[in-house]
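Here is the structure we will look at.
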Amino acid sequence: MYKLLEPYGKIVPFLGEALGENVEIALHDLTSPDQEVVAIANGQISGRSVGAKLSNLSIHYLETKQYLKNDYVLNYKTAGADGKLLKSATCFIKEEGKEYPVGMLCINVNISDLEYITSTLNRILGIKDTQKVEFKKDNPIAILQSPLDEMVDQYIKECLAKLGIPSYVLVERLKVDEKIKVVKYLQEKGTFKVKGAIALVAEKLDVSEPTIYRYLKKM
């Protein structure tokens, strides 16, 4: 762990105890080659542990250099590996004289129970929810799980559901226009910002990597 991050690493377990088992605290060391999690509390919320890699959304925040104008990013939504809805916040840990952050301290609060209670009360009271939550490019959602393979599988599953394609249909048997829609959905989720994603998606769709690039150029 980078020396400047050591004090943050010590307060991670404290925050986990103080805030309760419904709140995950994760510290990333951005000075290491893998930029992995070096300390985590209540990791059962996202299914992660020490050594977990950055999510696609965290990579997006770093690539768009949001740390230049902001010390932190608040109130964005993510999802645990099992689909739990989380309310998240990230603090960029900076060192004097360096532009790029040396670390990120992330807080993820499980709000699935709150969402369930709210929707139940609305049904009991006859209140119709007219505002559907839509995760657009400016309000993305990330799945906080390490393996890229799991993340891609989850996004493909979501896309097929939106297209009305049965879950038993093999992805590699999709029509060309359907594969293009899958690639577009993955792109909107920021999947291709993750190293190795192009090759993995090409394998899952049973096409070549140049074909994936060709699909992307059409968007």
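Chain labels run A, B, ... following the order of the structure tokens; each chain numbers its residues from 1, and ligands are numbered from 1 in the order shown.
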
For range 96-109 of chain A: contacts at 9 Å, only C-alpha atoms, fewer than 3 positions along chain excluded, given as a ChimeraX atom specification: /A:2,4-5,8,12,22-32,35,45-46,62,65,67-68,77-78,85-93

Which of A:Gly43, A:Lys179, A:Tyr61, A:Gln66 sits closest to Thr211 in chain A [using only C-alpha atoms]: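 Ranking A:Gly43, A:Lys179, A:Tyr61, A:Gln66 by distance to Thr211 in chain A, first place goes to A:Lys179.
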
Which of A:Val194, A:Leu125, A:Leu186, A:Leu54 sits closest to Gln154 in chain A [using only C-alpha atoms]: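 Closest to Gln154 in chain A of all the choices is A:Leu186.
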
Residue contacts of Asn56 in chain A (7 Å, only C-alpha atoms) excluding same-chain residues fewer than 5 positions away, as a ChimeraX atom specification: /A:142,190-191,193-194

Residue selection dump (N, CA, C and O atoms) as a compact mmCIF listing (two decimals), in the first residue's frame:
```
# COMPACT_ATOMS: atom_id res chain seq x y z
N ALA A 142 -22.67 1.05 -12.34
CA ALA A 142 -21.59 0.08 -12.45
C ALA A 142 -21.88 -1.11 -11.56
O ALA A 142 -22.47 -0.97 -10.50
N GLY A 190 -19.88 1.52 -20.57
CA GLY A 190 -18.46 1.77 -20.35
C GLY A 190 -17.60 0.51 -20.32
O GLY A 190 -16.45 0.55 -19.89
N THR A 191 -18.15 -0.60 -20.79
CA THR A 191 -17.46 -1.89 -20.72
C THR A 191 -16.12 -1.86 -21.45
O THR A 191 -15.13 -2.42 -20.98
N LYS A 193 -14.00 0.32 -21.81
CA LYS A 193 -12.94 1.08 -21.15
C LYS A 193 -12.06 0.16 -20.31
O LYS A 193 -11.00 0.55 -19.85
N VAL A 194 -12.55 -1.07 -20.10
CA VAL A 194 -11.81 -2.03 -19.29
C VAL A 194 -10.90 -2.85 -20.20
O VAL A 194 -11.32 -3.35 -21.25
```

If we count only C-alpha atoms, what is near Asp206 in chain A at a cut-off of 10 Å, once residues fewer than 6 positions away on the same chain are taken out, given as number ranges by chain? A: 171-174, 179, 200

Just asking: which residues within range 12-205 of chain A are helix (DSSP H, G or I) according to DSSP, as an mmCIF file with N, CA, C and O atoms, in the first residue's frame?
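out32.cif, freshly written:
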```cif
data_model
loop_
_atom_site.group_PDB
_atom_site.id
_atom_site.type_symbol
_atom_site.label_atom_id
_atom_site.label_comp_id
_atom_site.auth_asym_id
_atom_site.auth_seq_id
_atom_site.Cartn_x
_atom_site.Cartn_y
_atom_site.Cartn_z
ATOM 1 N N VAL A 12 -10.555 2.356 7.484
ATOM 2 C CA VAL A 12 -11.548 1.567 6.744
ATOM 3 C C VAL A 12 -12.319 0.617 7.661
ATOM 4 O O VAL A 12 -13.555 0.619 7.663
ATOM 5 N N PRO A 13 -11.641 -0.217 8.478
ATOM 6 C CA PRO A 13 -12.402 -1.107 9.369
ATOM 7 C C PRO A 13 -13.217 -0.338 10.405
ATOM 8 O O PRO A 13 -14.317 -0.766 10.775
ATOM 9 N N PHE A 14 -12.670 0.796 10.862
ATOM 10 C CA PHE A 14 -13.409 1.617 11.828
ATOM 11 C C PHE A 14 -14.718 2.128 11.231
ATOM 12 O O PHE A 14 -15.784 2.030 11.843
ATOM 13 N N LEU A 15 -14.644 2.655 10.008
ATOM 14 C CA LEU A 15 -15.852 3.158 9.350
ATOM 15 C C LEU A 15 -16.845 2.027 9.106
ATOM 16 O O LEU A 15 -18.057 2.211 9.228
ATOM 17 N N GLY A 16 -16.315 0.846 8.753
ATOM 18 C CA GLY A 16 -17.191 -0.297 8.531
ATOM 19 C C GLY A 16 -17.972 -0.664 9.778
ATOM 20 O O GLY A 16 -19.165 -0.975 9.716
ATOM 21 N N GLU A 17 -17.308 -0.607 10.935
ATOM 22 C CA GLU A 17 -17.970 -0.911 12.212
ATOM 23 C C GLU A 17 -18.923 0.211 12.603
ATOM 24 O O GLU A 17 -20.046 -0.027 13.045
ATOM 25 N N ALA A 18 -18.469 1.454 12.446
ATOM 26 C CA ALA A 18 -19.256 2.605 12.896
ATOM 27 C C ALA A 18 -20.522 2.811 12.065
ATOM 28 O O ALA A 18 -21.583 3.150 12.598
ATOM 29 N N LEU A 19 -20.421 2.597 10.754
ATOM 30 C CA LEU A 19 -21.557 2.847 9.870
ATOM 31 C C LEU A 19 -22.468 1.635 9.719
ATOM 32 O O LEU A 19 -23.588 1.767 9.238
ATOM 33 N N GLY A 43 -17.278 -6.159 2.678
ATOM 34 C CA GLY A 43 -17.163 -6.501 1.267
ATOM 35 C C GLY A 43 -18.253 -7.428 0.755
ATOM 36 O O GLY A 43 -18.401 -7.590 -0.452
ATOM 37 N N GLN A 44 -19.018 -8.025 1.685
ATOM 38 C CA GLN A 44 -20.111 -8.903 1.248
ATOM 39 C C GLN A 44 -21.173 -8.142 0.470
ATOM 40 O O GLN A 44 -21.955 -8.737 -0.286
ATOM 41 N N ILE A 45 -21.215 -6.828 0.617
ATOM 42 C CA ILE A 45 -22.219 -6.019 -0.078
ATOM 43 C C ILE A 45 -22.006 -6.063 -1.591
ATOM 44 O O ILE A 45 -22.951 -6.221 -2.361
ATOM 45 N N ASN A 56 -15.877 -0.451 -13.963
ATOM 46 C CA ASN A 56 -15.850 0.308 -15.213
ATOM 47 C C ASN A 56 -16.191 1.778 -14.998
ATOM 48 O O ASN A 56 -15.685 2.667 -15.674
ATOM 49 N N LEU A 57 -17.034 2.068 -14.005
ATOM 50 C CA LEU A 57 -17.415 3.451 -13.743
ATOM 51 C C LEU A 57 -16.258 4.225 -13.118
ATOM 52 O O LEU A 57 -16.021 5.392 -13.453
ATOM 53 N N SER A 58 -15.515 3.580 -12.217
ATOM 54 C CA SER A 58 -14.346 4.231 -11.616
ATOM 55 C C SER A 58 -13.310 4.547 -12.686
ATOM 56 O O SER A 58 -12.689 5.619 -12.680
ATOM 57 N N ILE A 59 -13.138 3.611 -13.623
ATOM 58 C CA ILE A 59 -12.211 3.842 -14.730
ATOM 59 C C ILE A 59 -12.677 5.039 -15.556
ATOM 60 O O ILE A 59 -11.882 5.881 -15.979
ATOM 61 N N HIS A 60 -13.995 5.130 -15.758
ATOM 62 C CA HIS A 60 -14.565 6.252 -16.506
ATOM 63 C C HIS A 60 -14.261 7.573 -15.805
ATOM 64 O O HIS A 60 -13.866 8.555 -16.449
ATOM 65 N N TYR A 61 -14.444 7.621 -14.496
ATOM 66 C CA TYR A 61 -14.178 8.843 -13.742
ATOM 67 C C TYR A 61 -12.715 9.272 -13.874
ATOM 68 O O TYR A 61 -12.415 10.471 -13.988
ATOM 69 N N LEU A 62 -11.815 8.297 -13.870
ATOM 70 C CA LEU A 62 -10.390 8.613 -13.967
ATOM 71 C C LEU A 62 -10.012 9.031 -15.386
ATOM 72 O O LEU A 62 -9.256 9.984 -15.577
ATOM 73 N N GLU A 63 -10.552 8.335 -16.383
ATOM 74 C CA GLU A 63 -10.220 8.660 -17.772
ATOM 75 C C GLU A 63 -10.761 10.024 -18.187
ATOM 76 O O GLU A 63 -10.173 10.700 -19.029
ATOM 77 N N GLN A 66 -12.184 13.577 -13.848
ATOM 78 C CA GLN A 66 -13.112 14.302 -12.993
ATOM 79 C C GLN A 66 -12.459 14.770 -11.702
ATOM 80 O O GLN A 66 -12.974 15.656 -11.020
ATOM 81 N N TYR A 67 -11.320 14.188 -11.374
ATOM 82 C CA TYR A 67 -10.589 14.579 -10.167
ATOM 83 C C TYR A 67 -9.957 15.964 -10.288
ATOM 84 O O TYR A 67 -9.563 16.562 -9.284
ATOM 85 N N LEU A 68 -9.857 16.501 -11.511
ATOM 86 C CA LEU A 68 -9.250 17.825 -11.691
ATOM 87 C C LEU A 68 -10.150 18.932 -11.146
ATOM 88 O O LEU A 68 -9.673 19.930 -10.605
ATOM 89 N N SER A 112 -31.249 -1.281 -1.215
ATOM 90 C CA SER A 112 -32.261 -2.186 -1.757
ATOM 91 C C SER A 112 -33.479 -2.268 -0.847
ATOM 92 O O SER A 112 -34.627 -2.249 -1.317
ATOM 93 N N ASP A 113 -33.250 -2.374 0.463
ATOM 94 C CA ASP A 113 -34.362 -2.465 1.411
ATOM 95 C C ASP A 113 -35.203 -1.197 1.388
ATOM 96 O O ASP A 113 -36.431 -1.252 1.443
ATOM 97 N N LEU A 114 -34.527 -0.042 1.287
ATOM 98 C CA LEU A 114 -35.245 1.233 1.246
ATOM 99 C C LEU A 114 -36.111 1.314 -0.005
ATOM 100 O O LEU A 114 -37.266 1.754 0.055
ATOM 101 N N GLU A 115 -35.550 0.891 -1.142
ATOM 102 C CA GLU A 115 -36.313 0.908 -2.393
ATOM 103 C C GLU A 115 -37.536 -0.002 -2.288
ATOM 104 O O GLU A 115 -38.622 0.340 -2.758
ATOM 105 N N TYR A 116 -37.347 -1.160 -1.647
ATOM 106 C CA TYR A 116 -38.449 -2.117 -1.494
ATOM 107 C C TYR A 116 -39.546 -1.540 -0.600
ATOM 108 O O TYR A 116 -40.742 -1.601 -0.928
ATOM 109 N N ILE A 117 -39.134 -0.957 0.532
ATOM 110 C CA ILE A 117 -40.106 -0.377 1.469
ATOM 111 C C ILE A 117 -40.880 0.763 0.807
ATOM 112 O O ILE A 117 -42.099 0.874 0.938
ATOM 113 N N THR A 118 -40.151 1.612 0.059
ATOM 114 C CA THR A 118 -40.785 2.748 -0.606
ATOM 115 C C THR A 118 -41.816 2.283 -1.635
ATOM 116 O O THR A 118 -42.938 2.799 -1.683
ATOM 117 N N SER A 119 -41.426 1.286 -2.451
ATOM 118 C CA SER A 119 -42.355 0.801 -3.471
ATOM 119 C C SER A 119 -43.557 0.116 -2.841
ATOM 120 O O SER A 119 -44.684 0.227 -3.336
ATOM 121 N N THR A 120 -43.345 -0.591 -1.713
ATOM 122 C CA THR A 120 -44.444 -1.260 -1.019
ATOM 123 C C THR A 120 -45.430 -0.249 -0.452
ATOM 124 O O THR A 120 -46.654 -0.390 -0.593
ATOM 125 N N LEU A 121 -44.908 0.804 0.185
ATOM 126 C CA LEU A 121 -45.771 1.856 0.732
ATOM 127 C C LEU A 121 -46.555 2.548 -0.382
ATOM 128 O O LEU A 121 -47.737 2.867 -0.208
ATOM 129 N N ASN A 122 -45.897 2.773 -1.505
ATOM 130 C CA ASN A 122 -46.577 3.407 -2.634
ATOM 131 C C ASN A 122 -47.744 2.554 -3.128
ATOM 132 O O ASN A 122 -48.815 3.078 -3.463
ATOM 133 N N ARG A 123 -47.537 1.230 -3.159
ATOM 134 C CA ARG A 123 -48.616 0.339 -3.587
ATOM 135 C C ARG A 123 -49.767 0.348 -2.580
ATOM 136 O O ARG A 123 -50.936 0.395 -2.957
ATOM 137 N N ILE A 124 -49.426 0.326 -1.287
ATOM 138 C CA ILE A 124 -50.449 0.330 -0.241
ATOM 139 C C ILE A 124 -51.269 1.619 -0.281
ATOM 140 O O ILE A 124 -52.495 1.612 -0.134
ATOM 141 N N LEU A 125 -50.586 2.740 -0.528
ATOM 142 C CA LEU A 125 -51.238 4.044 -0.536
ATOM 143 C C LEU A 125 -51.827 4.389 -1.901
ATOM 144 O O LEU A 125 -52.464 5.430 -2.060
ATOM 145 N N LEU A 148 -14.045 -9.368 -14.990
ATOM 146 C CA LEU A 148 -14.614 -8.736 -16.182
ATOM 147 C C LEU A 148 -15.638 -9.656 -16.818
ATOM 148 O O LEU A 148 -16.672 -9.198 -17.325
ATOM 149 N N ASP A 149 -15.371 -10.954 -16.785
ATOM 150 C CA ASP A 149 -16.266 -11.928 -17.389
ATOM 151 C C ASP A 149 -17.670 -11.839 -16.783
ATOM 152 O O ASP A 149 -18.677 -11.871 -17.501
ATOM 153 N N GLU A 150 -17.749 -11.716 -15.456
ATOM 154 C CA GLU A 150 -19.040 -11.630 -14.773
ATOM 155 C C GLU A 150 -19.762 -10.336 -15.143
ATOM 156 O O GLU A 150 -20.983 -10.317 -15.328
ATOM 157 N N MET A 151 -18.992 -9.249 -15.235
ATOM 158 C CA MET A 151 -19.580 -7.960 -15.561
ATOM 159 C C MET A 151 -20.190 -7.991 -16.965
ATOM 160 O O MET A 151 -21.318 -7.542 -17.175
ATOM 161 N N VAL A 152 -19.459 -8.537 -17.932
ATOM 162 C CA VAL A 152 -19.939 -8.621 -19.313
ATOM 163 C C VAL A 152 -21.176 -9.510 -19.388
ATOM 164 O O VAL A 152 -22.154 -9.175 -20.066
ATOM 165 N N ASP A 153 -21.138 -10.638 -18.698
ATOM 166 C CA ASP A 153 -22.298 -11.545 -18.699
ATOM 167 C C ASP A 153 -23.542 -10.843 -18.159
ATOM 168 O O ASP A 153 -24.645 -11.014 -18.692
ATOM 169 N N GLN A 154 -23.369 -10.066 -17.096
ATOM 170 C CA GLN A 154 -24.497 -9.360 -16.493
ATOM 171 C C GLN A 154 -25.085 -8.340 -17.464
ATOM 172 O O GLN A 154 -26.308 -8.252 -17.639
ATOM 173 N N TYR A 155 -24.219 -7.572 -18.128
ATOM 174 C CA TYR A 155 -24.694 -6.550 -19.058
ATOM 175 C C TYR A 155 -25.363 -7.177 -20.279
ATOM 176 O O TYR A 155 -26.358 -6.659 -20.778
ATOM 177 N N ILE A 156 -24.811 -8.285 -20.762
ATOM 178 C CA ILE A 156 -25.424 -8.975 -21.906
ATOM 179 C C ILE A 156 -26.814 -9.476 -21.511
ATOM 180 O O ILE A 156 -27.773 -9.351 -22.277
ATOM 181 N N LYS A 157 -26.923 -10.019 -20.314
ATOM 182 C CA LYS A 157 -28.214 -10.509 -19.815
ATOM 183 C C LYS A 157 -29.234 -9.380 -19.753
ATOM 184 O O LYS A 157 -30.388 -9.530 -20.147
ATOM 185 N N GLU A 158 -28.792 -8.199 -19.264
ATOM 186 C CA GLU A 158 -29.672 -7.033 -19.184
ATOM 187 C C GLU A 158 -30.134 -6.615 -20.572
ATOM 188 O O GLU A 158 -31.314 -6.318 -20.797
ATOM 189 N N CYS A 159 -29.202 -6.590 -21.519
ATOM 190 C CA CYS A 159 -29.519 -6.163 -22.883
ATOM 191 C C CYS A 159 -30.513 -7.110 -23.541
ATOM 192 O O CYS A 159 -31.470 -6.671 -24.174
ATOM 193 N N LEU A 160 -30.300 -8.414 -23.396
ATOM 194 C CA LEU A 160 -31.198 -9.395 -24.000
ATOM 195 C C LEU A 160 -32.606 -9.255 -23.426
ATOM 196 O O LEU A 160 -33.601 -9.395 -24.142
ATOM 197 N N ALA A 161 -32.677 -8.972 -22.122
ATOM 198 C CA ALA A 161 -33.985 -8.785 -21.486
ATOM 199 C C ALA A 161 -34.696 -7.579 -22.087
ATOM 200 O O ALA A 161 -35.900 -7.612 -22.352
ATOM 201 N N LYS A 162 -33.936 -6.499 -22.313
ATOM 202 C CA LYS A 162 -34.520 -5.290 -22.907
ATOM 203 C C LYS A 162 -34.987 -5.546 -24.342
ATOM 204 O O LYS A 162 -35.966 -4.949 -24.798
ATOM 205 N N LEU A 163 -34.282 -6.435 -25.042
ATOM 206 C CA LEU A 163 -34.638 -6.750 -26.425
ATOM 207 C C LEU A 163 -35.745 -7.787 -26.510
ATOM 208 O O LEU A 163 -36.252 -8.085 -27.594
ATOM 209 N N VAL A 171 -25.964 -16.588 -26.923
ATOM 210 C CA VAL A 171 -25.540 -15.266 -27.382
ATOM 211 C C VAL A 171 -24.880 -15.342 -28.750
ATOM 212 O O VAL A 171 -25.095 -14.481 -29.608
ATOM 213 N N GLU A 172 -24.075 -16.377 -28.959
ATOM 214 C CA GLU A 172 -23.360 -16.488 -30.235
ATOM 215 C C GLU A 172 -24.297 -16.768 -31.408
ATOM 216 O O GLU A 172 -23.903 -16.619 -32.564
ATOM 217 N N ARG A 173 -25.550 -17.146 -31.121
ATOM 218 C CA ARG A 173 -26.517 -17.431 -32.179
ATOM 219 C C ARG A 173 -27.387 -16.215 -32.526
ATOM 220 O O ARG A 173 -28.289 -16.319 -33.353
ATOM 221 N N VAL A 176 -27.053 -10.559 -36.590
ATOM 222 C CA VAL A 176 -26.049 -9.496 -36.643
ATOM 223 C C VAL A 176 -26.574 -8.207 -36.013
ATOM 224 O O VAL A 176 -25.878 -7.567 -35.218
ATOM 225 N N ASP A 177 -27.810 -7.815 -36.356
ATOM 226 C CA ASP A 177 -28.354 -6.572 -35.808
ATOM 227 C C ASP A 177 -28.517 -6.658 -34.296
ATOM 228 O O ASP A 177 -28.362 -5.667 -33.579
ATOM 229 N N GLU A 178 -28.795 -7.862 -33.785
ATOM 230 C CA GLU A 178 -28.933 -8.047 -32.340
ATOM 231 C C GLU A 178 -27.571 -7.958 -31.654
ATOM 232 O O GLU A 178 -27.446 -7.375 -30.566
ATOM 233 N N LYS A 179 -26.548 -8.512 -32.302
ATOM 234 C CA LYS A 179 -25.201 -8.423 -31.745
ATOM 235 C C LYS A 179 -24.725 -6.969 -31.694
ATOM 236 O O LYS A 179 -24.066 -6.551 -30.747
ATOM 237 N N ILE A 180 -25.095 -6.211 -32.715
ATOM 238 C CA ILE A 180 -24.727 -4.790 -32.742
ATOM 239 C C ILE A 180 -25.392 -4.049 -31.575
ATOM 240 O O ILE A 180 -24.780 -3.198 -30.925
ATOM 241 N N LYS A 181 -26.634 -4.403 -31.299
ATOM 242 C CA LYS A 181 -27.353 -3.778 -30.173
ATOM 243 C C LYS A 181 -26.711 -4.144 -28.848
ATOM 244 O O LYS A 181 -26.646 -3.324 -27.926
ATOM 245 N N VAL A 182 -26.240 -5.382 -28.738
ATOM 246 C CA VAL A 182 -25.554 -5.818 -27.519
ATOM 247 C C VAL A 182 -24.270 -5.020 -27.333
ATOM 248 O O VAL A 182 -23.968 -4.528 -26.243
ATOM 249 N N VAL A 183 -23.508 -4.867 -28.418
ATOM 250 C CA VAL A 183 -22.248 -4.114 -28.358
ATOM 251 C C VAL A 183 -22.523 -2.654 -27.990
ATOM 252 O O VAL A 183 -21.793 -2.049 -27.190
ATOM 253 N N LYS A 184 -23.585 -2.091 -28.543
ATOM 254 C CA LYS A 184 -23.945 -0.710 -28.219
ATOM 255 C C LYS A 184 -24.283 -0.569 -26.735
ATOM 256 O O LYS A 184 -23.863 0.389 -26.079
ATOM 257 N N TYR A 185 -25.015 -1.531 -26.203
ATOM 258 C CA TYR A 185 -25.385 -1.497 -24.785
ATOM 259 C C TYR A 185 -24.133 -1.583 -23.908
ATOM 260 O O TYR A 185 -23.989 -0.841 -22.932
ATOM 261 N N LEU A 186 -23.225 -2.478 -24.289
ATOM 262 C CA LEU A 186 -21.981 -2.624 -23.537
ATOM 263 C C LEU A 186 -21.157 -1.349 -23.598
ATOM 264 O O LEU A 186 -20.532 -0.945 -22.616
ATOM 265 N N GLN A 187 -21.160 -0.699 -24.758
ATOM 266 C CA GLN A 187 -20.416 0.548 -24.899
ATOM 267 C C GLN A 187 -20.991 1.631 -23.989
ATOM 268 O O GLN A 187 -20.259 2.372 -23.321
ATOM 269 N N GLU A 188 -22.325 1.725 -23.933
ATOM 270 C CA GLU A 188 -22.977 2.733 -23.100
ATOM 271 C C GLU A 188 -22.695 2.503 -21.617
ATOM 272 O O GLU A 188 -22.700 3.444 -20.828
ATOM 273 N N THR A 191 -18.150 -0.601 -20.787
ATOM 274 C CA THR A 191 -17.456 -1.885 -20.724
ATOM 275 C C THR A 191 -16.119 -1.861 -21.452
ATOM 276 O O THR A 191 -15.128 -2.420 -20.976
ATOM 277 N N PHE A 192 -16.072 -1.195 -22.608
ATOM 278 C CA PHE A 192 -14.875 -1.258 -23.425
ATOM 279 C C PHE A 192 -13.755 -0.350 -22.919
ATOM 280 O O PHE A 192 -12.687 -0.268 -23.533
ATOM 281 N N LYS A 193 -14.003 0.321 -21.811
ATOM 282 C CA LYS A 193 -12.945 1.079 -21.155
ATOM 283 C C LYS A 193 -12.061 0.157 -20.312
ATOM 284 O O LYS A 193 -11.002 0.548 -19.848
ATOM 285 N N ALA A 197 -11.677 -6.132 -22.630
ATOM 286 C CA ALA A 197 -13.113 -6.268 -22.877
ATOM 287 C C ALA A 197 -13.418 -6.603 -24.341
ATOM 288 O O ALA A 197 -14.301 -7.415 -24.625
ATOM 289 N N ILE A 198 -12.708 -5.979 -25.264
ATOM 290 C CA ILE A 198 -12.955 -6.215 -26.691
ATOM 291 C C ILE A 198 -12.794 -7.700 -27.017
ATOM 292 O O ILE A 198 -13.658 -8.325 -27.654
ATOM 293 N N ALA A 199 -11.696 -8.276 -26.578
ATOM 294 C CA ALA A 199 -11.426 -9.685 -26.866
ATOM 295 C C ALA A 199 -12.467 -10.590 -26.220
ATOM 296 O O ALA A 199 -12.928 -11.566 -26.831
ATOM 297 N N LEU A 200 -12.851 -10.270 -24.980
ATOM 298 C CA LEU A 200 -13.817 -11.098 -24.261
ATOM 299 C C LEU A 200 -15.190 -11.063 -24.928
ATOM 300 O O LEU A 200 -15.836 -12.100 -25.114
ATOM 301 N N VAL A 201 -15.650 -9.856 -25.308
ATOM 302 C CA VAL A 201 -16.961 -9.712 -25.944
ATOM 303 C C VAL A 201 -16.960 -10.403 -27.305
ATOM 304 O O VAL A 201 -17.941 -11.052 -27.682
ATOM 305 N N ALA A 202 -15.857 -10.275 -28.037
ATOM 306 C CA ALA A 202 -15.748 -10.937 -29.341
ATOM 307 C C ALA A 202 -15.901 -12.452 -29.177
ATOM 308 O O ALA A 202 -16.590 -13.113 -29.961
ATOM 309 N N GLU A 203 -15.279 -12.984 -28.136
ATOM 310 C CA GLU A 203 -15.364 -14.427 -27.878
ATOM 311 C C GLU A 203 -16.795 -14.845 -27.542
ATOM 312 O O GLU A 203 -17.297 -15.855 -28.037
ATOM 313 N N LYS A 204 -17.466 -14.048 -26.712
ATOM 314 C CA LYS A 204 -18.824 -14.390 -26.287
ATOM 315 C C LYS A 204 -19.816 -14.301 -27.446
ATOM 316 O O LYS A 204 -20.774 -15.063 -27.512
ATOM 317 N N LEU A 205 -19.592 -13.347 -28.352
ATOM 318 C CA LEU A 205 -20.499 -13.178 -29.488
ATOM 319 C C LEU A 205 -20.092 -14.035 -30.682
ATOM 320 O O LEU A 205 -20.763 -14.024 -31.718
#
```
